[in-house]
Amino acid sequence: MSIYSFCVFFSGVSFLGYGISYFVGTQMKNEFKRFQLEKLGLLVIVLEILGAGGLLVGYWYSKPLLLVASGGLAVLMLLGLLVRMRLKDSLWISLPAFFYMVLNGYIFYLGSNQ
């Protein structure tokens, strides 16, 4: 498995798990309340699940879908990072948003250059 493939699958499965956790627990919903974005919580989670599906399906069948999904997830994580900065969250707490922003930017970059 190439690094590119690993990155696509890692990101796709991560976002799928993250999205599912919103529906099976309360921690994610509480985070959106803390962000003062509880009205947008469901939309964000749906976008993340769609992004995860776009990565996984796009890897095999549609490069444009993979590019839209990875670019969309990178932008979503940039926005998440900005929210965390606005709340003055620590670097440690903000690190996952930064990591997934960079990871999906990397997927987008590699995918657009293949």
# chains A, B, ... in the order shown; residues from 1 in each chain; ligands from 1
call {"tool": "residues_around", "arguments": {"residues": "Leu76 of chain A", "least_positions_apart": "2", "cutoff": "10 Å", "atoms": "only C-alpha atoms", "output": "CSV table (one decimal) with all heavy atoms, in the first residue's frame"}}
result
chain,number,residue,atom,x,y,z
A,44,VAL,N,-22.3,19.9,9.9
A,44,VAL,CA,-20.8,19.6,9.9
A,44,VAL,C,-20.6,18.1,9.8
A,44,VAL,O,-19.8,17.6,9.1
A,44,VAL,CB,-20.1,20.3,11.1
A,44,VAL,CG1,-18.7,19.8,11.2
A,44,VAL,CG2,-20.2,21.8,11.0
A,47,LEU,N,-21.5,16.7,6.5
A,47,LEU,CA,-20.4,17.0,5.5
A,47,LEU,C,-19.2,16.1,5.7
A,47,LEU,O,-18.5,15.7,4.8
A,47,LEU,CB,-20.0,18.5,5.6
A,47,LEU,CG,-21.0,19.5,5.1
A,47,LEU,CD1,-20.6,20.9,5.5
A,47,LEU,CD2,-21.3,19.3,3.6
A,48,GLU,N,-18.8,15.9,7.0
A,48,GLU,CA,-17.7,15.0,7.3
A,48,GLU,C,-18.0,13.6,6.8
A,48,GLU,O,-17.1,12.9,6.2
A,48,GLU,CB,-17.4,15.0,8.8
A,48,GLU,CG,-16.8,16.3,9.2
A,48,GLU,CD,-16.5,16.3,10.7
A,48,GLU,OE1,-16.8,15.3,11.4
A,48,GLU,OE2,-15.9,17.3,11.2
A,51,GLY,N,-17.7,13.6,3.1
A,51,GLY,CA,-16.3,13.7,2.8
A,51,GLY,C,-15.6,12.4,2.9
A,51,GLY,O,-14.8,12.0,2.0
A,70,SER,N,-11.5,15.6,-0.5
A,70,SER,CA,-10.3,16.0,0.3
A,70,SER,C,-10.2,17.5,0.4
A,70,SER,O,-9.8,18.0,1.5
A,70,SER,CB,-9.0,15.4,-0.4
A,70,SER,OG,-8.8,15.9,-1.7
A,71,GLY,N,-10.5,18.2,-0.6
A,71,GLY,CA,-10.5,19.7,-0.5
A,71,GLY,C,-11.5,20.2,0.4
A,71,GLY,O,-11.2,21.1,1.3
A,72,GLY,N,-12.7,19.6,0.4
A,72,GLY,CA,-13.8,20.0,1.3
A,72,GLY,C,-13.4,19.7,2.8
A,72,GLY,O,-13.7,20.6,3.6
A,73,LEU,N,-12.8,18.6,3.0
A,73,LEU,CA,-12.5,18.2,4.4
A,73,LEU,C,-11.3,19.1,4.9
A,73,LEU,O,-11.3,19.5,6.0
A,73,LEU,CB,-12.1,16.7,4.5
A,73,LEU,CG,-13.2,15.8,4.4
A,73,LEU,CD1,-12.7,14.3,4.2
A,73,LEU,CD2,-14.2,15.9,5.6
A,74,ALA,N,-10.4,19.5,4.0
A,74,ALA,CA,-9.3,20.4,4.4
A,74,ALA,C,-9.9,21.7,4.8
A,74,ALA,O,-9.5,22.3,5.8
A,74,ALA,CB,-8.3,20.5,3.2
A,78,LEU,N,-9.9,23.5,8.4
A,78,LEU,CA,-9.4,24.9,8.6
A,78,LEU,C,-10.4,25.7,9.4
A,78,LEU,O,-10.0,26.4,10.3
A,78,LEU,CB,-9.1,25.6,7.2
A,78,LEU,CG,-8.8,27.0,7.3
A,78,LEU,CD1,-7.5,27.3,8.0
A,78,LEU,CD2,-8.7,27.6,5.9
A,79,LEU,N,-11.6,25.6,9.1
A,79,LEU,CA,-12.7,26.3,9.8
A,79,LEU,C,-12.7,25.8,11.3
A,79,LEU,O,-12.9,26.7,12.2
A,79,LEU,CB,-14.0,26.2,9.1
A,79,LEU,CG,-14.1,26.8,7.7
A,79,LEU,CD1,-15.4,26.4,7.1
A,79,LEU,CD2,-14.0,28.3,7.8
A,80,GLY,N,-12.6,24.5,11.5
A,80,GLY,CA,-12.5,24.0,12.8
A,80,GLY,C,-11.3,24.5,13.6
A,80,GLY,O,-11.5,24.8,14.8
A,81,LEU,N,-10.2,24.6,12.9
A,81,LEU,CA,-9.0,25.2,13.6
A,81,LEU,C,-9.2,26.7,14.0
A,81,LEU,O,-8.9,27.1,15.1
A,81,LEU,CB,-7.8,25.0,12.6
A,81,LEU,CG,-6.5,25.4,13.2
A,81,LEU,CD1,-6.1,24.5,14.4
A,81,LEU,CD2,-5.4,25.2,12.1
A,82,LEU,N,-9.9,27.4,13.1
A,82,LEU,CA,-10.2,28.8,13.4
A,82,LEU,C,-11.1,29.0,14.6
A,82,LEU,O,-10.9,29.8,15.4
A,82,LEU,CB,-10.7,29.5,12.1
A,82,LEU,CG,-9.8,29.7,11.0
A,82,LEU,CD1,-10.5,30.2,9.7
A,82,LEU,CD2,-8.6,30.5,11.3
A,97,ALA,N,-7.3,18.9,14.5
A,97,ALA,CA,-7.9,19.7,13.4
A,97,ALA,C,-6.8,20.1,12.4
A,97,ALA,O,-6.9,20.0,11.2
A,97,ALA,CB,-8.6,20.9,13.9
A,100,TYR,N,-5.6,16.9,10.4
A,100,TYR,CA,-6.5,16.5,9.4
A,100,TYR,C,-6.6,17.5,8.2
A,100,TYR,O,-6.8,17.2,7.1
A,100,TYR,CB,-7.9,16.1,9.9
A,100,TYR,CG,-7.8,14.7,10.6
A,100,TYR,CD1,-7.8,14.6,11.9
A,100,TYR,CD2,-7.8,13.6,9.8
A,100,TYR,CE1,-7.7,13.3,12.5
A,100,TYR,CE2,-7.8,12.3,10.3
A,100,TYR,CZ,-7.7,12.2,11.7
A,100,TYR,OH,-7.7,11.0,12.3
A,101,MET,N,-6.4,18.8,8.6
A,101,MET,CA,-6.4,19.8,7.5
A,101,MET,C,-5.2,19.6,6.6
A,101,MET,O,-5.3,19.5,5.4
A,101,MET,CB,-6.3,21.2,8.1
A,101,MET,CG,-6.2,22.3,7.1
A,101,MET,SD,-5.8,23.9,7.9
A,101,MET,CE,-4.1,23.7,8.4
call {"tool": "residues_around", "arguments": {"residues": "Phe23 of chain A", "least_positions_apart": "3", "cutoff": "12 Å", "atoms": "only C-alpha atoms", "output": "list in words"}}
result
Leu16, Gly17, Tyr18, Gly19, Ile20, Thr26, Gln27, Met28, Lys29, Asn30, Gly41, Leu42, Ile45, Val46 and Ile49 of chain A
call {"tool": "atom_distance", "arguments": {"atom1": "atom CA of Val102 of chain A", "atom2": "atom CA of Phe6 of chain A"}}
result
14.5 Å
call {"tool": "closest_residue", "arguments": {"among": "A:Val75, A:Ser94, A:Phe108, A:Phe99", "to": "Ser14 of chain A", "atoms": "only C-alpha atoms"}}
result
A:Phe99
call {"tool": "residues_around", "arguments": {"residues": "Gly58 of chain A", "least_positions_apart": "5", "cutoff": "10 Å", "atoms": "only C-alpha atoms", "output": "list of chain:residue names"}}
result
A:Val8, A:Gly51, A:Ala52, A:Gly53, A:Lys63, A:Pro64, A:Leu65, A:Leu66, A:Leu67, A:Val68, A:Ala69, A:Ser70
call {"tool": "atom_distance", "arguments": {"atom1": "atom CA of Leu43 of chain A", "atom2": "atom CA of Val57 of chain A"}}
result
20.7 Å
call {"tool": "select_by_dssp", "arguments": {"residues": "segment 25-88 of chain A", "states": "alpha helix (DSSP H)", "output": "PyMOL selection string"}}
result
chain A and resi 27-34+41-61+63-86
call {"tool": "closest_residue", "arguments": {"among": "A:Leu91, A:Leu37, A:Val24, A:Ile3", "to": "Tyr106 of chain A", "atoms": "only C-alpha atoms"}}
result
A:Ile3
call {"tool": "atom_distance", "arguments": {"atom1": "atom CA of Leu55 of chain A", "atom2": "atom CA of Phe10 of chain A"}}
result
9.9 Å
call {"tool": "closest_residue", "arguments": {"among": "A:Trp92, A:Tyr4, A:Phe35, A:Phe15", "to": "Gly54 of chain A", "atoms": "only C-alpha atoms"}}
result
A:Phe15
call {"tool": "closest_residue", "arguments": {"among": "A:Leu50, A:Leu103, A:Met85, A:Met77", "to": "Ser5 of chain A", "atoms": "only C-alpha atoms"}}
result
A:Leu103
call {"tool": "closest_residue", "arguments": {"among": "A:Leu110, A:Ile93, A:Leu87, A:Leu56", "to": "Gln36 of chain A", "atoms": "only C-alpha atoms"}}
result
A:Leu87
